[in-house]
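So this block is work-v7.txt, compact mmCIF, C-alpha atoms:
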# COMPACT_ATOMS: atom_id res chain seq x y z
CA MET A 1 -16.67 33.66 13.90
CA PRO A 2 -14.03 33.40 16.66
CA SER A 3 -13.60 36.49 18.82
CA ASN A 4 -9.86 36.68 19.33
CA LYS A 5 -8.02 39.41 21.17
CA VAL A 6 -7.14 42.38 18.96
CA VAL A 7 -3.75 43.91 19.79
CA SER A 8 -1.22 46.43 18.56
CA ARG A 9 1.04 45.66 15.62
CA GLU A 10 4.03 45.15 17.95
CA ASP A 11 2.14 42.74 20.23
CA TRP A 12 0.80 40.92 17.15
CA PHE A 13 4.35 40.61 15.79
CA GLN A 14 5.75 39.22 19.06
CA ALA A 15 2.93 36.71 19.53
CA HIS A 16 3.25 35.38 15.99
CA LYS A 17 7.04 35.27 16.24
CA ALA A 18 6.75 33.12 19.38
CA HIS A 19 4.28 30.85 17.63
CA LEU A 20 6.64 30.48 14.66
CA ALA A 21 9.18 28.90 16.99
CA ARG A 22 6.59 26.25 17.85
CA GLU A 23 5.83 25.70 14.15
CA LYS A 24 9.53 25.12 13.51
CA GLU A 25 9.63 22.59 16.35
CA LEU A 26 6.79 20.72 14.68
CA THR A 27 8.54 20.78 11.28
CA ARG A 28 11.75 19.37 12.76
CA PHE A 29 9.83 16.76 14.72
CA ARG A 30 8.02 15.64 11.56
CA GLU A 31 11.40 15.33 9.82
CA ARG A 32 12.68 13.12 12.65
CA ILE A 33 9.55 10.93 12.49
CA ALA A 34 9.94 10.61 8.72
CA ALA A 35 13.56 9.54 9.17
CA GLU A 36 12.52 6.96 11.78
CA ARG A 37 9.84 5.70 9.38
CA ARG A 38 12.45 5.07 6.71
CA GLU A 39 14.42 2.95 9.20
CA LEU A 40 11.50 0.64 10.06
CA PRO A 41 11.87 -3.09 9.22
CA TRP A 42 10.31 -4.44 6.05
CA LEU A 43 8.01 -7.41 5.43
CA LYS A 44 8.63 -9.56 2.34
CA ILE A 45 5.52 -10.14 0.22
CA ARG A 46 5.32 -13.79 -0.75
CA LYS A 47 1.91 -13.96 -2.44
CA ASP A 48 1.47 -13.22 -6.12
CA TYR A 49 -1.55 -10.92 -5.94
CA VAL A 50 -3.39 -10.27 -9.21
CA PHE A 51 -5.45 -7.14 -9.86
CA GLU A 52 -8.02 -6.22 -12.47
CA THR A 53 -6.85 -3.11 -14.33
CA GLU A 54 -7.92 -1.16 -17.40
CA GLN A 55 -5.04 -2.82 -19.26
CA GLY A 56 -6.01 -6.32 -18.15
CA PRO A 57 -4.82 -8.49 -15.24
CA LYS A 58 -1.64 -7.32 -13.50
CA ASN A 59 0.26 -8.65 -10.53
CA LEU A 60 1.62 -6.49 -7.73
CA ALA A 61 5.04 -6.20 -9.35
CA GLU A 62 3.49 -4.79 -12.52
CA LEU A 63 1.72 -2.04 -10.56
CA PHE A 64 5.17 -0.55 -9.87
CA ALA A 65 5.30 0.44 -13.58
CA ASN A 66 9.11 0.13 -13.79
CA ARG A 67 9.63 2.16 -10.62
CA SER A 68 11.05 0.85 -7.35
CA GLN A 69 8.47 2.34 -4.98
CA LEU A 70 4.69 1.92 -4.89
CA ILE A 71 2.04 3.69 -2.82
CA VAL A 72 -1.36 2.00 -2.63
CA TYR A 73 -4.41 3.83 -1.33
CA HIS A 74 -7.14 1.48 -0.12
CA PHE A 75 -10.47 2.99 -1.16
CA MET A 76 -13.60 1.82 0.69
CA MET A 77 -15.79 0.39 -2.06
CA THR A 78 -17.17 -3.10 -1.55
CA PRO A 79 -18.55 -5.24 -4.39
CA GLY A 80 -22.13 -4.33 -5.27
CA SER A 81 -22.35 -1.35 -2.93
CA ASP A 82 -23.96 1.88 -4.14
CA HIS A 83 -22.39 3.90 -1.30
CA ARG A 84 -19.60 6.26 -2.31
CA CYS A 85 -17.39 7.10 0.65
CA GLU A 86 -17.04 10.86 1.11
CA GLY A 87 -13.85 10.46 3.17
CA CYS A 88 -12.07 8.29 0.60
CA SER A 89 -13.28 10.53 -2.20
CA PHE A 90 -12.05 13.61 -0.31
CA LEU A 91 -8.57 12.11 -0.12
CA ALA A 92 -8.72 10.87 -3.71
CA ASP A 93 -9.42 14.44 -4.89
CA HIS A 94 -5.87 15.27 -3.78
CA ILE A 95 -4.06 12.46 -5.58
CA ASP A 96 -3.77 13.63 -9.18
CA GLY A 97 -1.90 16.83 -8.34
CA ALA A 98 0.75 14.99 -6.31
CA ASN A 99 0.92 12.15 -8.81
CA GLN A 100 2.17 14.47 -11.54
CA HIS A 101 5.37 14.75 -9.51
CA LEU A 102 5.57 11.35 -7.78
CA ARG A 103 5.88 9.47 -11.07
CA HIS A 104 9.02 11.51 -11.81
CA HIS A 105 10.57 10.64 -8.44
CA ASP A 106 10.59 6.84 -8.69
CA VAL A 107 7.15 6.45 -7.08
CA SER A 108 4.04 4.88 -8.60
CA LEU A 109 0.68 5.42 -6.95
CA VAL A 110 -2.45 3.36 -7.47
CA VAL A 111 -5.83 3.21 -5.78
CA VAL A 112 -7.21 -0.23 -4.92
CA ALA A 113 -10.75 -1.25 -4.04
CA ARG A 114 -12.49 -4.61 -3.70
CA ALA A 115 -15.34 -3.70 -6.04
CA PRO A 116 -14.95 -5.07 -9.59
CA LEU A 117 -13.40 -2.74 -12.13
CA ALA A 118 -16.73 -2.35 -13.93
CA GLU A 119 -18.10 -0.71 -10.76
CA LEU A 120 -15.03 1.48 -10.17
CA LEU A 121 -14.60 3.06 -13.58
CA PRO A 122 -17.98 4.85 -13.88
CA TYR A 123 -17.35 6.54 -10.54
CA LYS A 124 -13.79 7.43 -11.55
CA GLN A 125 -15.15 9.04 -14.72
CA ARG A 126 -17.84 10.90 -12.79
CA MET A 127 -15.24 12.35 -10.40
CA GLY A 128 -12.80 13.22 -13.20
CA TRP A 129 -9.91 11.38 -11.58
CA LYS A 130 -6.87 10.38 -13.66
CA PHE A 131 -5.00 8.07 -11.27
CA ASP A 132 -4.83 4.32 -11.85
CA TRP A 133 -7.67 2.57 -10.01
CA VAL A 134 -7.52 -1.21 -9.86
CA SER A 135 -9.65 -3.93 -8.35
CA SER A 136 -8.47 -6.56 -5.87
CA TYR A 137 -11.80 -8.36 -6.19
CA ALA A 138 -10.27 -11.76 -7.01
CA SER A 139 -7.40 -11.70 -4.49
CA ASP A 140 -6.70 -11.66 -0.75
CA PHE A 141 -4.79 -8.40 -1.02
CA ASN A 142 -7.12 -6.17 1.01
CA PHE A 143 -7.63 -8.85 3.64
CA ASP A 144 -3.90 -9.48 4.00
CA MET A 145 -3.32 -5.74 4.29
CA GLN A 146 -5.88 -5.71 7.14
CA VAL A 147 -8.18 -3.13 5.56
CA SER A 148 -10.95 -5.61 4.65
CA PHE A 149 -12.60 -8.22 6.82
CA THR A 150 -14.57 -11.40 6.21
CA ASP A 151 -18.03 -12.01 7.62
CA LYS A 152 -16.47 -14.63 9.88
CA GLN A 153 -13.94 -12.15 11.28
CA ILE A 154 -16.63 -9.55 11.91
CA ALA A 155 -18.92 -12.07 13.61
CA ALA A 156 -16.07 -13.20 15.87
CA GLY A 157 -14.95 -9.64 16.64
CA ASP A 158 -11.53 -10.65 15.29
CA THR A 159 -10.70 -7.65 13.10
CA THR A 160 -7.23 -6.10 13.21
CA TYR A 161 -6.87 -2.58 11.86
CA ASN A 162 -4.17 -0.01 12.57
CA PHE A 163 -2.37 -2.57 14.79
CA GLU A 164 -5.41 -2.93 17.06
CA THR A 165 -7.70 -5.95 17.27
CA ARG A 166 -11.26 -5.24 18.38
CA PRO A 167 -14.84 -5.78 17.14
CA ARG A 168 -15.81 -3.81 14.03
CA THR A 169 -18.80 -3.81 11.73
CA SER A 170 -17.25 -2.31 8.57
CA LYS A 171 -16.19 -4.77 5.88
CA ASP A 172 -13.72 -2.26 4.41
CA LEU A 173 -11.70 0.56 5.96
CA PRO A 174 -9.34 3.12 4.38
CA GLY A 175 -5.58 3.22 4.50
CA THR A 176 -2.31 3.52 2.64
CA SER A 177 0.27 0.77 2.10
CA VAL A 178 3.79 1.42 0.80
CA PHE A 179 5.94 -1.12 -1.03
CA CYS A 180 9.49 -1.32 -2.38
CA LYS A 181 10.83 -3.62 -5.11
CA ASP A 182 14.53 -4.46 -5.10
CA GLU A 183 16.89 -5.31 -7.95
CA ASN A 184 15.96 -9.00 -7.70
CA GLY A 185 12.27 -8.24 -8.11
CA ASP A 186 11.44 -9.05 -4.48
CA ILE A 187 8.66 -6.89 -3.02
CA PHE A 188 8.50 -5.62 0.54
CA LEU A 189 5.82 -3.90 2.59
CA THR A 190 7.69 -0.97 4.13
CA PHE A 191 4.98 1.10 5.83
CA THR A 192 1.25 1.33 6.44
CA SER A 193 -0.93 4.26 7.42
CA ARG A 194 -4.48 3.78 8.67
CA ALA A 195 -7.35 5.75 10.22
CA ARG A 196 -6.38 9.41 10.76
CA GLY A 197 -2.98 8.77 9.22
CA GLY A 198 -4.63 9.56 5.89
CA GLU A 199 -4.99 13.21 6.87
CA ALA A 200 -1.38 13.73 5.81
CA GLN A 201 -2.51 13.23 2.19
CA ILE A 202 -5.35 15.76 2.44
CA GLY A 203 -3.96 19.19 1.61
CA THR A 204 -7.33 20.86 2.18
CA TYR A 205 -6.84 20.32 5.90
CA ASP A 206 -3.54 22.22 5.81
CA TYR A 207 -5.37 25.19 4.31
CA LEU A 208 -8.18 24.97 6.85
CA ASP A 209 -5.76 24.68 9.75
CA MET A 210 -4.44 28.15 8.84
CA THR A 211 -7.87 29.78 8.98
CA PRO A 212 -9.63 31.36 12.00
CA LYS A 213 -12.38 28.74 12.04
CA GLY A 214 -10.01 25.83 11.44
CA ARG A 215 -11.64 22.59 10.37
CA ASP A 216 -14.93 23.66 11.95
CA GLU A 217 -16.05 20.04 12.33
CA ASN A 218 -18.56 20.68 15.08
CA GLY A 219 -21.51 18.63 13.91
CA PRO A 220 -22.77 15.27 15.13
CA TYR A 221 -19.76 13.28 13.89
CA GLN A 222 -16.98 15.66 14.98
CA ASN A 223 -15.02 14.79 11.85
CA LEU A 224 -15.04 15.34 8.08
CA MET A 225 -18.44 13.67 7.79
CA ASP A 226 -19.95 16.85 9.22
CA TRP A 227 -19.25 18.81 6.06
CA VAL A 228 -17.38 16.96 3.30
CA ARG A 229 -19.46 15.93 0.31
CA LEU A 230 -18.55 14.39 -3.02
CA HIS A 231 -17.17 17.35 -4.92
CA ASP A 232 -20.12 17.38 -7.33
CA GLU A 233 -22.72 17.26 -4.54
CA TYR A 234 -22.00 20.33 -2.45
CA GLN A 235 -25.27 21.86 -3.57
CA ASP A 236 -27.08 18.93 -1.93
CA ARG A 237 -26.11 19.09 1.74
CA HIS A 238 -27.87 16.18 3.44
CA ALA A 239 -27.65 16.19 7.21
CA ASP A 240 -27.80 12.44 7.70
CA LYS A 241 -24.81 10.63 6.24
CA PRO A 242 -23.36 7.24 7.23
CA ASN A 243 -20.20 7.73 9.26
CA CYS A 244 -17.76 5.55 7.35
CA CYS A 245 -14.61 6.97 8.92
CA ASP A 246 -15.16 6.44 12.65
CA ASP A 247 -12.31 3.96 12.93

Just give me the structure as structure tokens.
Amino acid sequence: MPSNKVVSREDWFQAHKAHLAREKELTRFRERIAAERRELPWLKIRKDYVFETEQGPKNLAELFANRSQLIVYHFMMTPGSDHRCEGCSFLADHIDGANQHLRHHDVSLVVVARAPLAELLPYKQRMGWKFDWVSSYASDFNFDMQVSFTDKQIAAGDTTYNFETRPRTSKDLPGTSVFCKDENGDIFLTFTSRARGGEAQIGTYDYLDMTPKGRDENGPYQNLMDWVRLHDEYQDRHADKPNCCDD
């Protein structure tokens, strides 16, 4: 447990009041960044991507579900893999609560993975998730969004992720892609978030950041892999876990 200075009520009040000013600076700065984000240029999507869904094949336009905005979370789950990413699952645990409100504010949200739908749905059922999870197994979607990489790209060290090209060994990495569909039905990629950008969708971190111990990620990985488990495995705390989120 941290051993912070213990002070009088008046000193406590003044210290926390000063800190509140800094918190307000951060809030206003985040608002400015969000406004700048909304002004970023868009990229027109010209491919007709098709996804495997529980209702049958759907193209990207159909994933909007009659809304004009679409958020896609790229879940790390490669075809045939028996690994279930703790980091992606941690974020996915936070989706259903937000999604109850997003769908009423002109925003659809889907989760996409490269594994076939038959491999996704049993895990979705196990975790009790309600969001739409679709497979991009038969399309170039993940590769074009630069969250998945071919064996050739990995061998050549030619993998671009989060606007940085360098050698990587992971075939899939996490991220969020945001799209808009206009009145003519044209679709645009408006924003992407990769790597630690996903923390903004993890409300648990906001709670932890208010506590004395904070995130307390002081193990060998120095990140969520030190403590996060699939939410039905917390009774089985293995020390050695593959670090799937080091990018």

Item to check | 7 Å contact set for Lys130 of chain A, all atoms listed in the file, chain neighbours under 2 positions out, as a PyMOL selection string | outcome: chain A and resi 96+128+132

Item to check | Shortest interatomic distance to Asp182 of chain A - which of A:Gln69, A:Lys5, A:Ala200, A:Arg28, counting all atoms listed in the file | outcome: A:Gln69

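With only C-alpha atoms taken into account, the protein and nucleic acid residues at most 10 Å from Glu217 of chain A (excluding it and anything under 4 positions from it in its own chain) are Lys213, Tyr221, Gln222, Asn223, Leu224, Met225, Asp226, Trp227 and Val228 of chain A.
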
Residues from last step as file, C-alpha atoms, as a compact mmCIF listing (two decimals), in the frame of the given file:
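To be explicit, this is the file written out as selection.txt:
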# COMPACT_ATOMS: atom_id res chain seq x y z
CA LYS A 213 -12.38 28.74 12.04
CA TYR A 221 -19.76 13.28 13.89
CA GLN A 222 -16.98 15.66 14.98
CA ASN A 223 -15.02 14.79 11.85
CA LEU A 224 -15.04 15.34 8.08
CA MET A 225 -18.44 13.67 7.79
CA ASP A 226 -19.95 16.85 9.22
CA TRP A 227 -19.25 18.81 6.06
CA VAL A 228 -17.38 16.96 3.30

Item to check | One-decimal distance in Å that lies between atom CA of Phe90 of chain A and atom CA of Val107 of chain A | outcome: 21.6 Å

What lies within 9 Å of Gly80 of chain A using only C-alpha atoms, ignoring chain neighbours under 2 positions off, as a PDB file with C-alpha atoms, in the frame of the given file?
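Final output, part.pdb:
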ATOM      1  CA  MET A  77     -15.790   0.390  -2.060  1.00  0.00           C
ATOM      2  CA  THR A  78     -17.170  -3.100  -1.550  1.00  0.00           C
ATOM      3  CA  ASP A  82     -23.960   1.880  -4.140  1.00  0.00           C
ATOM      4  CA  ALA A 115     -15.340  -3.700  -6.040  1.00  0.00           C
ATOM      5  CA  PRO A 116     -14.950  -5.070  -9.590  1.00  0.00           C
ATOM      6  CA  GLU A 119     -18.100  -0.710 -10.760  1.00  0.00           C
TER       7      GLU A 119
END

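You will find atom CA of Asp158 of chain A at 22.5 Å from atom CA of Leu189 of chain A.
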
Checklist entry - Do you know which residues are at most 12 Å from Met76 of chain A counting only C-alpha atoms, after dropping those on the same chain fewer than 5 positions away, and could you put them as a count of residues only? => result 33

Next on the checklist: I'd like the neighbourhood of Arg37 of chain A as a ChimeraX atom specification, where a residue qualifies if any of its atoms comes within 12 Å (using all atoms listed in the file), though same-chain residues fewer than 6 positions away should be ignored.
Outcome noted: /A:30-31,178,190-193

Okay, now the selection with C-alpha atoms, as a short mmCIF file (atom, residue, chain, number, x, y, z; two decimals), in the coordinates of the input?
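Below you can see result-v5.cif, which holds the result:
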data_model
loop_
_atom_site.label_atom_id
_atom_site.label_comp_id
_atom_site.auth_asym_id
_atom_site.auth_seq_id
_atom_site.Cartn_x
_atom_site.Cartn_y
_atom_site.Cartn_z
CA ARG A 30 8.02 15.64 11.56
CA GLU A 31 11.40 15.33 9.82
CA VAL A 178 3.79 1.42 0.80
CA THR A 190 7.69 -0.97 4.13
CA PHE A 191 4.98 1.10 5.83
CA THR A 192 1.25 1.33 6.44
CA SER A 193 -0.93 4.26 7.42
#

Checklist entry - Which residue out of A:Ile71, A:Val110, A:Ala98, A:Met1 has the minimum interatomic distance to Ile202 of chain A when only C-alpha atoms are used? => result A:Ala98

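The spacing separating atom CA of Glu25 of chain A from atom CA of Met210 of chain A amounts to 16.9 Å.
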
Checklist entry - Hey, which of A:Gly185, A:Gly214, A:Gly203, A:Gly198 ends up closest to Ala61 of chain A? Count only C-alpha atoms. => result A:Gly185

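Closest to Pro41 of chain A among A:His105, A:Asp216, A:Tyr205, A:Cys180 is A:Cys180, based on only C-alpha atoms.
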
Next on the checklist: Between A:Phe188, A:Phe29, A:Trp129, A:Tyr123, which residue has the minimum interatomic distance to Trp42 of chain A, considering only C-alpha atoms?
Outcome noted: A:Phe188
